[in-house]
file entry_35.pdb (PDB, C-alpha atoms)
ATOM      1  CA  MET A 272       2.804 -13.642 -46.630
ATOM      2  CA  ALA A 273       2.700 -10.772 -44.150
ATOM      3  CA  ARG A 274       4.260  -7.507 -45.262
ATOM      4  CA  LYS A 275       7.521  -6.683 -43.461
ATOM      5  CA  LEU A 276       7.775  -3.661 -41.241
ATOM      6  CA  PHE A 277      10.330  -1.020 -42.277
ATOM      7  CA  CYS A 278      12.602  -2.017 -39.385
ATOM      8  CA  GLU A 279      12.593  -5.650 -40.573
ATOM      9  CA  ILE A 280      13.803  -4.987 -44.134
ATOM     10  CA  ASN A 281      17.521  -4.977 -43.321
ATOM     11  CA  PRO A 282      19.953  -3.955 -40.526
ATOM     12  CA  THR A 283      20.212  -0.386 -41.829
ATOM     13  CA  CYS A 284      16.453   0.072 -41.710
ATOM     14  CA  TYR A 285      16.462  -1.330 -38.181
ATOM     15  CA  ARG A 286      19.081   1.211 -37.068
ATOM     16  CA  ILE A 287      17.092   4.039 -38.672
ATOM     17  CA  SER A 288      13.929   2.938 -36.870
ATOM     18  CA  LEU A 289      15.780   2.655 -33.577
ATOM     19  CA  PHE A 290      17.275   6.136 -33.977
ATOM     20  CA  LYS A 291      13.821   7.522 -34.747
ATOM     21  CA  GLU A 292      12.313   5.943 -31.613
ATOM     22  CA  LYS A 293      15.123   7.273 -29.401
ATOM     23  CA  LEU A 294      14.757  10.745 -30.896
ATOM     24  CA  LEU A 295      10.991  10.748 -30.344
ATOM     25  CA  ARG A 296      11.520   9.643 -26.741
ATOM     26  CA  ASN A 297      13.977  12.470 -26.071
ATOM     27  CA  ILE A 298      11.683  15.069 -27.656
ATOM     28  CA  LYS A 299       8.686  13.819 -25.657
ATOM     29  CA  ASP A 300      10.620  13.895 -22.369
ATOM     30  CA  PHE A 301      11.999  17.368 -23.117
ATOM     31  CA  TYR A 302       8.505  18.837 -23.447
ATOM     32  CA  SER A 303       6.974  16.686 -20.716
ATOM     33  CA  SER A 304       5.973  18.118 -17.343
ATOM     34  CA  GLU A 305       7.100  14.910 -15.614
ATOM     35  CA  ARG A 306       9.601  15.222 -12.765
ATOM     36  CA  PHE A 307      12.030  12.327 -12.877
ATOM     37  CA  ALA A 308      13.591  10.843  -9.752
ATOM     38  CA  LYS A 309      17.356  11.451  -9.663
ATOM     39  CA  VAL A 310      18.348  11.819  -5.998
ATOM     40  CA  LYS A 311      19.925   8.804  -4.259
ATOM     41  CA  SER A 312      20.487   8.358  -0.548
ATOM     42  CA  ASN A 313      22.780   6.047   1.418
ATOM     43  CA  GLU A 314      20.270   6.157   4.276
ATOM     44  CA  GLU A 315      17.543   3.539   3.975
ATOM     45  CA  LEU A 316      13.927   4.534   4.541
ATOM     46  CA  PRO A 317      12.636   2.659   7.631
ATOM     47  CA  ASN A 318       9.621   0.708   6.319
ATOM     48  CA  ILE A 319       9.924  -2.267   3.949
ATOM     49  CA  ILE A 320       6.920  -2.506   1.626
ATOM     50  CA  LYS A 321       8.220  -5.532  -0.266
ATOM     51  CA  SER A 322      11.475  -7.476  -0.609
ATOM     52  CA  HIS A 323      12.399 -10.106  -3.183
ATOM     53  CA  SER A 324      15.358 -12.016  -4.628
ATOM     54  CA  SER A 325      15.907 -13.889  -7.893
ATOM     55  CA  ILE A 326      18.675 -16.157  -9.211
ATOM     56  CA  ILE A 327      20.777 -14.415 -11.850
ATOM     57  CA  VAL A 328      22.518 -17.292 -13.646
ATOM     58  CA  ARG A 329      20.023 -19.835 -14.944
ATOM     59  CA  LYS A 330      20.589 -22.725 -17.336
ATOM     60  CA  LEU A 331      18.145 -21.799 -20.086
ATOM     61  CA  HIS A 332      17.361 -24.203 -22.906
ATOM     62  CA  GLY A 333      19.310 -23.254 -26.042
ATOM     63  CA  VAL A 334      21.182 -20.334 -24.437
ATOM     64  CA  ASP A 335      24.964 -20.076 -24.076
ATOM     65  CA  ILE A 336      25.714 -20.081 -20.337
ATOM     66  CA  LYS A 337      28.375 -17.398 -20.958
ATOM     67  CA  LEU A 338      25.609 -14.916 -21.732
ATOM     68  CA  GLN A 339      24.062 -15.685 -18.369
ATOM     69  CA  GLU A 340      27.393 -15.259 -16.584
ATOM     70  CA  ASN A 341      27.943 -11.907 -18.329
ATOM     71  CA  LYS A 342      24.538 -10.841 -17.043
ATOM     72  CA  VAL A 343      25.971 -10.742 -13.518
ATOM     73  CA  THR A 344      28.339  -7.933 -14.555
ATOM     74  CA  ASN A 345      25.580  -6.051 -16.367
ATOM     75  CA  ILE A 346      23.236  -6.225 -13.399
ATOM     76  CA  GLU A 347      25.946  -5.185 -10.932
ATOM     77  CA  LEU A 348      26.640  -2.077 -13.028
ATOM     78  CA  ALA A 349      22.929  -1.219 -13.213
ATOM     79  CA  CYS A 350      22.588  -1.693  -9.445
ATOM     80  CA  LYS A 351      25.132   1.077  -8.880
ATOM     81  CA  ARG A 352      22.958   3.483 -10.871
ATOM     82  CA  ILE A 353      19.661   2.582  -9.194
ATOM     83  CA  ASN A 354      20.413   1.502  -5.619
ATOM     84  CA  GLY A 355      19.187   4.031  -3.056
ATOM     85  CA  ILE A 356      17.075   6.095  -5.463
ATOM     86  CA  ILE A 357      14.454   8.210  -3.691
ATOM     87  CA  ILE A 358      11.182   8.825  -5.521
ATOM     88  CA  HIS A 359       9.464  11.872  -4.018
ATOM     89  CA  PRO A 360       5.656  12.274  -4.207
ATOM     90  CA  GLY A 361       4.669  13.111  -7.782
ATOM     91  CA  GLU A 362       8.023  12.058  -9.240
ATOM     92  CA  THR A 363       8.461   9.430 -11.959
ATOM     93  CA  PHE A 364      10.934   6.563 -11.795
ATOM     94  CA  SER A 365      12.486   5.893 -15.213
ATOM     95  CA  PHE A 366      14.700   2.839 -15.675
ATOM     96  CA  TRP A 367      16.782   4.345 -18.486
ATOM     97  CA  LYS A 368      17.004   7.839 -17.010
ATOM     98  CA  LEU A 369      18.953   6.210 -14.173
ATOM     99  CA  VAL A 370      20.857   3.387 -15.893
ATOM    100  CA  GLY A 371      21.794   5.268 -19.047
ATOM    101  CA  ASN A 372      22.990   3.698 -22.293
ATOM    102  CA  PRO A 373      24.694   0.331 -21.551
ATOM    103  CA  THR A 374      27.870   0.238 -23.665
ATOM    104  CA  TYR A 375      31.109  -1.727 -23.794
ATOM    105  CA  LYS A 376      32.955   1.465 -22.808
ATOM    106  CA  LYS A 377      31.031   1.505 -19.507
ATOM    107  CA  GLY A 378      31.970  -2.121 -18.812
ATOM    108  CA  TYR A 379      28.795  -3.832 -19.989
ATOM    109  CA  LYS A 380      29.144  -7.234 -21.651
ATOM    110  CA  ASP A 381      27.183  -9.262 -24.188
ATOM    111  CA  GLY A 382      24.140 -10.884 -22.631
ATOM    112  CA  LEU A 383      20.774 -12.269 -23.674
ATOM    113  CA  ILE A 384      18.521  -9.800 -25.488
ATOM    114  CA  ILE A 385      14.883 -10.589 -26.250
ATOM    115  CA  THR A 386      13.672  -9.626 -29.736
ATOM    116  CA  ARG A 387      10.357  -9.812 -31.563
ATOM    117  CA  HIS A 388      11.266 -13.217 -32.971
ATOM    118  CA  GLY A 389      13.073 -14.820 -30.027
ATOM    119  CA  PHE A 390      16.421 -13.846 -28.561
ATOM    120  CA  LYS A 391      19.995 -12.959 -29.464
ATOM    121  CA  SER A 392      23.180 -11.719 -27.793
ATOM    122  CA  GLY A 393      23.937  -8.028 -27.375
ATOM    123  CA  VAL A 394      25.706  -5.538 -25.127
ATOM    124  CA  GLY A 395      23.884  -4.991 -21.841
ATOM    125  CA  GLY A 396      21.759  -8.080 -22.299
ATOM    126  CA  GLY A 397      20.018  -9.412 -19.226
ATOM    127  CA  LEU A 398      18.932  -6.062 -17.785
ATOM    128  CA  CYS A 399      15.315  -7.140 -18.211
ATOM    129  CA  GLN A 400      15.811  -9.082 -14.988
ATOM    130  CA  MET A 401      16.444  -5.784 -13.212
ATOM    131  CA  GLY A 402      13.280  -4.369 -14.774
ATOM    132  CA  ASN A 403      11.396  -7.490 -13.683
ATOM    133  CA  MET A 404      12.638  -7.087 -10.112
ATOM    134  CA  ILE A 405      11.558  -3.454  -9.852
ATOM    135  CA  HIS A 406       8.180  -4.150 -11.458
ATOM    136  CA  TRP A 407       7.513  -7.019  -9.033
ATOM    137  CA  LEU A 408       8.246  -4.729  -6.081
ATOM    138  CA  VAL A 409       5.937  -2.054  -7.520
ATOM    139  CA  LEU A 410       3.151  -4.584  -8.181
ATOM    140  CA  ASN A 411       3.151  -5.247  -4.443
ATOM    141  CA  SER A 412       2.251  -1.629  -3.730
ATOM    142  CA  SER A 413      -0.262   0.974  -4.862
ATOM    143  CA  LEU A 414       2.317   2.890  -6.911
ATOM    144  CA  GLU A 415       1.075   3.745 -10.410
ATOM    145  CA  VAL A 416       2.844   2.082 -13.351
ATOM    146  CA  THR A 417       2.902   4.514 -16.284
ATOM    147  CA  GLU A 418       4.981   2.568 -18.822
ATOM    148  CA  LEU A 419       5.203  -1.195 -19.108
ATOM    149  CA  HIS A 420       6.087  -3.522 -21.987
ATOM    150  CA  HIS A 421       5.218  -7.179 -21.388
ATOM    151  CA  HIS A 422       7.149 -10.004 -23.022
ATOM    152  CA  SER A 423       4.555 -11.268 -25.480
ATOM    153  CA  ASP A 424       5.938 -14.804 -25.917
ATOM    154  CA  ALA A 425       6.834 -17.697 -23.626
ATOM    155  CA  LEU A 426      10.518 -17.958 -24.502
ATOM    156  CA  PHE A 427      11.720 -20.506 -21.946
ATOM    157  CA  PRO A 428      10.246 -23.256 -19.770
ATOM    158  CA  ASP A 429       9.990 -22.580 -16.044
ATOM    159  CA  GLU A 430      13.078 -23.142 -13.943
ATOM    160  CA  ARG A 431      12.617 -22.391 -10.242
ATOM    161  CA  ARG A 432      10.098 -19.642 -11.042
ATOM    162  CA  ARG A 433       8.891 -17.891  -7.883
ATOM    163  CA  VAL A 434       6.484 -15.345  -9.358
ATOM    164  CA  PRO A 435       3.412 -15.689 -11.616
ATOM    165  CA  PHE A 436       4.158 -16.035 -15.333
ATOM    166  CA  GLY A 437       4.086 -12.829 -17.372
ATOM    167  CA  THR A 438       4.687 -10.379 -14.534
ATOM    168  CA  GLY A 439       7.957  -9.141 -16.021
ATOM    169  CA  THR A 440       8.740  -6.246 -18.336
ATOM    170  CA  SER A 441      10.927  -5.581 -21.368
ATOM    171  CA  VAL A 442      13.463  -2.753 -21.397
ATOM    172  CA  SER A 443      15.554  -1.580 -24.351
ATOM    173  CA  PHE A 444      17.493   1.675 -24.372
ATOM    174  CA  ASN A 445      15.827   4.071 -24.449
ATOM    175  CA  SER A 446      12.664   3.615 -26.468
ATOM    176  CA  VAL A 447      11.332   0.732 -24.347
ATOM    177  CA  ASP A 448      11.367   2.033 -20.774
ATOM    178  CA  TYR A 449       9.853   1.004 -17.450
ATOM    179  CA  ARG A 450       8.282   3.845 -15.469
ATOM    180  CA  PHE A 451       6.092   4.382 -12.452
ATOM    181  CA  VAL A 452       4.956   7.472 -10.574
ATOM    182  CA  ASN A 453       4.919   7.909  -6.802
ATOM    183  CA  ASN A 454       1.245   8.650  -6.152
ATOM    184  CA  LEU A 455       1.676   8.429  -2.362
ATOM    185  CA  ASP A 456       2.019  11.262   0.147
ATOM    186  CA  GLN A 457       5.503  10.164   1.204
ATOM    187  CA  ASP A 458       8.906   9.263  -0.232
ATOM    188  CA  VAL A 459       9.600   5.745  -1.450
ATOM    189  CA  GLN A 460      12.992   4.187  -2.124
ATOM    190  CA  ILE A 461      14.350   1.309  -4.208
ATOM    191  CA  LEU A 462      17.320  -0.749  -3.082
ATOM    192  CA  VAL A 463      18.915  -3.293  -5.434
ATOM    193  CA  TRP A 464      22.086  -5.307  -4.968
ATOM    194  CA  VAL A 465      23.753  -8.621  -5.877
ATOM    195  CA  GLU A 466      24.389 -11.146  -3.108
ATOM    196  CA  ASN A 467      25.470 -14.814  -3.369
ATOM    197  CA  GLY A 468      24.456 -15.013  -7.020
ATOM    198  CA  ASP A 469      21.015 -13.465  -6.453
ATOM    199  CA  LEU A 470      19.603 -10.120  -7.481
ATOM    200  CA  CYS A 471      18.028  -8.702  -4.331
ATOM    201  CA  GLY A 472      15.601  -5.822  -4.084
ATOM    202  CA  GLU A 473      13.534  -3.850  -1.606
ATOM    203  CA  LEU A 474      10.845  -1.214  -1.936
ATOM    204  CA  ARG A 475      10.824   1.038   1.132
ATOM    205  CA  SER A 476       8.747   3.928   2.445
ATOM    206  CA  GLU A 477       8.872   6.492   5.232
ATOM    207  CA  LYS A 478       5.754   5.148   6.994
ATOM    208  CA  GLU A 479       3.905   1.856   7.026
ATOM    209  CA  LEU A 480       1.123   1.543   4.475
ATOM    210  CA  PRO A 481      -2.392   0.289   5.406
ATOM    211  CA  TYR A 482      -2.513  -2.499   2.818
ATOM    212  CA  ARG A 483      -0.431  -5.391   1.586
ATOM    213  CA  TYR A 484      -0.800  -7.199  -1.712
ATOM    214  CA  LYS A 485      -0.763 -10.780  -2.925
ATOM    215  CA  LEU A 486      -0.431 -11.850  -6.564
ATOM    216  CA  VAL A 487      -1.916 -15.158  -7.660
ATOM    217  CA  GLU A 488      -1.978 -16.984 -10.980
ATOM    218  CA  GLU A 489      -5.133 -18.905 -11.896
ATOM    219  CA  ASN A 490      -6.297 -21.150 -14.747
ATOM    220  CA  HIS A 491      -2.719 -21.867 -15.832
ATOM    221  CA  HIS A 492      -2.433 -24.301 -18.764
ATOM    222  CA  PHE A 493      -1.075 -24.821 -22.259
ATOM    223  CA  ARG A 494      -3.321 -25.077 -25.299
ATOM    224  CA  LYS A 495      -2.654 -25.994 -28.932
ATOM    225  CA  GLU A 496      -4.174 -23.536 -31.392
ATOM    226  CA  GLY A 497      -3.568 -24.553 -34.985
ATOM    227  CA  ASP A 498       0.080 -25.584 -35.267
ATOM    228  CA  PHE A 499       1.275 -23.707 -32.184
ATOM    229  CA  TYR A 500       1.048 -24.013 -28.428
ATOM    230  CA  TYR A 501       0.129 -21.088 -26.170
ATOM    231  CA  ARG A 502       0.616 -20.556 -22.467
ATOM    232  CA  ILE A 503      -2.576 -19.276 -20.865
ATOM    233  CA  SER A 504      -3.363 -17.953 -17.391
ATOM    234  CA  GLN A 505      -4.791 -15.001 -15.486
ATOM    235  CA  VAL A 506      -2.901 -13.063 -12.822
ATOM    236  CA  TYR A 507      -4.842 -11.308 -10.073
ATOM    237  CA  ARG A 508      -3.718  -8.824  -7.447
ATOM    238  CA  ILE A 509      -5.427  -9.162  -4.084
ATOM    239  CA  THR A 510      -5.511  -6.219  -1.673
ATOM    240  CA  ILE A 511      -5.437  -7.147   2.016
ATOM    241  CA  ASP A 512      -6.193  -4.801   4.907
ATOM    242  CA  LYS A 513      -3.317  -5.149   7.377
ATOM    243  CA  LYS A 514      -5.481  -4.418  10.430
ATOM    244  CA  THR A 515      -8.367  -6.785   9.722
ATOM    245  CA  LYS A 516      -6.340  -9.187   7.515
ATOM    246  CA  LYS A 517      -9.342  -9.333   5.198
ATOM    247  CA  GLU A 518      -9.218  -9.324   1.401
ATOM    248  CA  ILE A 519     -10.906  -6.126   0.257
ATOM    249  CA  ASN A 520     -10.266  -6.263  -3.494
ATOM    250  CA  LYS A 521      -9.256  -8.669  -6.250
ATOM    251  CA  GLU A 522      -8.358  -7.260  -9.661
ATOM    252  CA  LEU A 523      -7.258  -8.879 -12.897
ATOM    253  CA  ILE A 524      -3.926  -7.336 -13.875
ATOM    254  CA  LEU A 525      -2.770  -9.721 -16.597
ATOM    255  CA  ASP A 526      -4.479 -12.086 -19.045
ATOM    256  CA  ASN A 527      -1.722 -14.262 -20.490
ATOM    257  CA  HIS A 528      -1.998 -15.732 -23.985
ATOM    258  CA  SER A 529       1.646 -16.247 -24.937
ATOM    259  CA  LYS A 530       3.021 -18.214 -27.862
ATOM    260  CA  VAL A 531       5.432 -20.946 -26.737
ATOM    261  CA  MET A 532       8.779 -20.395 -28.473
ATOM    262  CA  TYR A 533      10.717 -23.342 -27.039
ATOM    263  CA  ASP A 534      10.674 -27.075 -27.787
ATOM    264  CA  TYR A 535       7.132 -28.397 -27.274
ATOM    265  CA  LYS A 536       8.597 -31.576 -25.744
ATOM    266  CA  LEU A 537       9.480 -29.469 -22.692
ATOM    267  CA  ILE A 538       5.835 -28.605 -21.997
ATOM    268  CA  PRO A 539       4.580 -30.654 -19.012
ATOM    269  CA  LYS A 540       1.963 -33.048 -20.436
ATOM    270  CA  ASP A 541      -0.264 -32.707 -17.376
ATOM    271  CA  GLN A 542      -0.549 -28.952 -18.057
ATOM    272  CA  ILE A 543      -1.861 -29.304 -21.616
ATOM    273  CA  ARG A 544      -5.601 -28.707 -21.939
ATOM    274  CA  ASN A 545      -7.840 -29.186 -24.959
ATOM    275  CA  ASP A 546     -11.426 -28.311 -25.844
ATOM    276  CA  SER A 547     -12.803 -31.575 -24.501
ATOM    277  CA  ASP A 548     -11.273 -30.803 -21.093
ATOM    278  CA  ASP A 549     -13.097 -27.459 -21.022
ATOM    279  CA  ASN A 550     -16.360 -29.091 -22.084
ATOM    280  CA  LYS A 551     -16.076 -31.636 -19.256
ATOM    281  CA  LYS A 552     -15.380 -28.864 -16.750
ATOM    282  CA  THR A 553     -18.372 -26.849 -17.978
ATOM    283  CA  THR A 554     -20.602 -29.921 -17.733
ATOM    284  CA  ARG A 555     -19.489 -30.577 -14.141
ATOM    285  CA  LYS A 556     -20.243 -26.973 -13.201
ATOM    286  CA  ARG A 557     -23.723 -27.118 -14.738
ATOM    287  CA  THR A 558     -24.460 -30.411 -13.006
ATOM    288  CA  LYS A 559     -23.394 -28.943  -9.680
ATOM    289  CA  VAL A 560     -25.623 -25.906 -10.175
ATOM    290  CA  SER A 561     -28.638 -28.010 -11.205
ATOM    291  CA  LYS A 562     -28.487 -29.885  -7.924
TER     292      LYS A 562
END

call {"tool": "encode", "arguments": {"input": "entry_35.pdb", "output": "C-alpha cells"}}
result
Amino acid sequence: MARKLFCEINPTCYRISLFKEKLLRNIKDFYSSERFAKVKSNEELPNIIKSHSSIIVRKLHGVDIKLQENKVTNIELACKRINGIIIHPGETFSFWKLVGNPTYKKGYKDGLIITRHGFKSGVGGGLCQMGNMIHWLVLNSSLEVTELHHHSDALFPDERRRVPFGTGTSVSFNSVDYRFVNNLDQDVQILVWVENGDLCGELRSEKELPYRYKLVEENHHFRKEGDFYYRISQVYRITIDKKTKKEINKELILDNHSKVMYDYKLIPKDQIRNDSDDNKKTTRKRTKVSK
C-alpha cells in the first residue's frame, strides 16, 4: 500500500499544506524580478492572432448540472478581471494575479473542482475552463508559457470537443497558476467574454505576426494496461509561414498517457487498441518498406 502524502492524511493536514504552498508562492513572487501585467484597456489592439469559443454548460457524466450552471457565474466574474488586459513586452501574465481569490463574498458559487483523485464541488469551480481558453489562444502564438499544470487524467468522455485532448491547464488559487511571458517586441492583449452560453476569447497584437499555428492530434487511441484503460495520443504544433503558406516546423508539445477515470463502457470500442493491433501495423510498415 502506497504511503500517504502529508496533505492526504486528513482535512487539517490538507489545509496546512495548502497554506504552505500559498505562502511559498507569495514569497517567491515578492523576491522575483518578474513584471506582472496589470494594465487593462477598453481599446482593442487591431490585429487578431487567434479567436476561439467554447460551450460553458456541458452535460458531464456523473456531474450535477447545477455545478455547470454555477460555472457561468464564476466565469463571468473572472472575465471582468481579465478582459482587456495588456501584456507589454517582457511582462508576465498570471491568471491568479488578475482573478484573485474566488470567494463566496465576491459572488463566486460552487462549481466543479478537479482533484488528484477525480472531482468535487467547491467555490469558484469551473475556472479551469478560463485557463484552458487562455492557454489555447497562447498555444496558437509564439508567446512563452512559463507555468502550466496539465490535467493528468481523462476525467470525462468527449462531448463536442473542438480542440486536441490534453491541451488544457489546471488552476487552483494561488499555488497552481497559469503564466506566460510576452517575448515579442510589441504589446499583446487578451479579451474574454460570455456570449450566448459560450466563453469567447481573442488574443490580439499591435501588428500582424509572420506565422500562424495549427495544432493536430495524432495516434489517438485507448489502451488497457493491467486493470485500467489509458487515453493515448500525441499533440503537435505546426508553424506555417503566412506569406508562402508552407509548413516550416512541426514540434511535439504533448505526449498524452492519461488514466481514464470514467465508466469504461463509454469508451468508443473502435478507438480501443491492443498489442496485436500494433504488431499488425508494424508488420504492414515493414512489408511496405521491403517492397

call {"tool": "resolve_selection", "arguments": {"input": "entry_35.pdb", "expression": "the PyMOL selection byres ((chain A and resi 475) around 6)", "output": "MDAnalysis selection string"}}
result
chainID A and resid 316 318:320 459:460 474 476

call {"tool": "write_last_selection", "arguments": {"input": "entry_35.pdb", "atoms": "C-alpha atoms", "output": "mmCIF file, keeping the file's coordinate frame"}}
result
data_model
loop_
_atom_site.group_PDB
_atom_site.id
_atom_site.type_symbol
_atom_site.label_atom_id
_atom_site.label_comp_id
_atom_site.auth_asym_id
_atom_site.auth_seq_id
_atom_site.Cartn_x
_atom_site.Cartn_y
_atom_site.Cartn_z
ATOM 1 C CA LEU A 316 13.927 4.534 4.541
ATOM 2 C CA ASN A 318 9.621 0.708 6.319
ATOM 3 C CA ILE A 319 9.924 -2.267 3.949
ATOM 4 C CA ILE A 320 6.920 -2.506 1.626
ATOM 5 C CA VAL A 459 9.600 5.745 -1.450
ATOM 6 C CA GLN A 460 12.992 4.187 -2.124
ATOM 7 C CA LEU A 474 10.845 -1.214 -1.936
ATOM 8 C CA SER A 476 8.747 3.928 2.445
#

call {"tool": "residues_around", "arguments": {"input": "entry_35.pdb", "residues": "stretch 405-416 of chain A", "least_positions_apart": "2", "cutoff": "6 Å", "atoms": "only C-alpha atoms", "output": "PyMOL selection string"}}
result
chain A and resi 321+402-403+418+451-454+484

call {"tool": "axis_aligned_box", "arguments": {"input": "entry_35.pdb", "around": "stretch 328-342 of chain A", "padding_each_side": "4 Å", "output": "AutoDock Vina command-line options"}}
result
--center_x 22.9 --center_y -17.5 --center_z -19.8 --size_x 19.0 --size_y 21.4 --size_z 20.4

call {"tool": "closest_residue", "arguments": {"input": "entry_35.pdb", "among": "A:Ser324, A:Asn297, A:Ser304, A:Thr363", "to": "A:Leu462", "atoms": "only C-alpha atoms"}}
result
A:Ser324

call {"tool": "atom_distance", "arguments": {"input": "entry_35.pdb", "atom1": "atom CA of A:Leu419", "atom2": "atom CA of A:Thr344"}}
result
24.5 Å

call {"tool": "residues_around", "arguments": {"input": "entry_35.pdb", "residues": "A:Ile384", "least_positions_apart": "2", "cutoff": "8 Å", "atoms": "all atoms listed in the file", "output": "NGL selection string"}}
result
:A and (382 or 386 or 390-393 or 396-397)

call {"tool": "resolve_selection", "arguments": {"input": "entry_35.pdb", "expression": "the PyMOL selection byres ((chain A and resi 432-448) around 8)", "output": "ChimeraX atom specification"}}
result
/A:289,292-293,296,365-367,371-373,398-400,402-404,406-407,418-422,429-431,449-450,486-488,506,525,527

call {"tool": "closest_residue", "arguments": {"input": "entry_35.pdb", "among": "A:Ile543, A:Val465, A:Leu480, A:Leu331", "to": "A:Lys351", "atoms": "only C-alpha atoms"}}
result
A:Val465

call {"tool": "atom_distance", "arguments": {"input": "entry_35.pdb", "atom1": "atom CA of A:Ser529", "atom2": "atom CA of A:Phe364"}}
result
27.9 Å

call {"tool": "closest_residue", "arguments": {"input": "entry_35.pdb", "among": "A:Ile503, A:Ile327, A:Leu426, A:Leu369", "to": "A:Ile357", "atoms": "all atoms listed in the file"}}
result
A:Leu369

call {"tool": "closest_residue", "arguments": {"input": "entry_35.pdb", "among": "A:Lys376, A:Arg508, A:Arg502, A:Lys485", "to": "A:Glu522", "atoms": "only C-alpha atoms"}}
result
A:Arg508

call {"tool": "closest_residue", "arguments": {"input": "entry_35.pdb", "among": "A:Lys380, A:Lys311, A:Phe427, A:Thr374", "to": "A:Arg352", "atoms": "all atoms listed in the file"}}
result
A:Lys311

call {"tool": "closest_residue", "arguments": {"input": "entry_35.pdb", "among": "A:Thr417, A:Pro428, A:Lys309, A:Tyr379", "to": "A:Tyr535", "atoms": "all atoms listed in the file"}}
result
A:Pro428

call {"tool": "residues_around", "arguments": {"input": "entry_35.pdb", "residues": "A:Gly468", "least_positions_apart": "4", "cutoff": "9 Å", "atoms": "only C-alpha atoms", "output": "number ranges by chain"}}
result
A: 325-328, 343

call {"tool": "write_last_selection", "arguments": {"input": "entry_35.pdb", "atoms": "C-alpha atoms", "output": "PDB file, in the coordinates of the input"}}
result
ATOM      1  CA  SER A 325      15.907 -13.889  -7.893  1.00  0.00           C
ATOM      2  CA  ILE A 326      18.675 -16.157  -9.211  1.00  0.00           C
ATOM      3  CA  ILE A 327      20.777 -14.415 -11.850  1.00  0.00           C
ATOM      4  CA  VAL A 328      22.518 -17.292 -13.646  1.00  0.00           C
ATOM      5  CA  VAL A 343      25.971 -10.742 -13.518  1.00  0.00           C
TER       6      VAL A 343
END
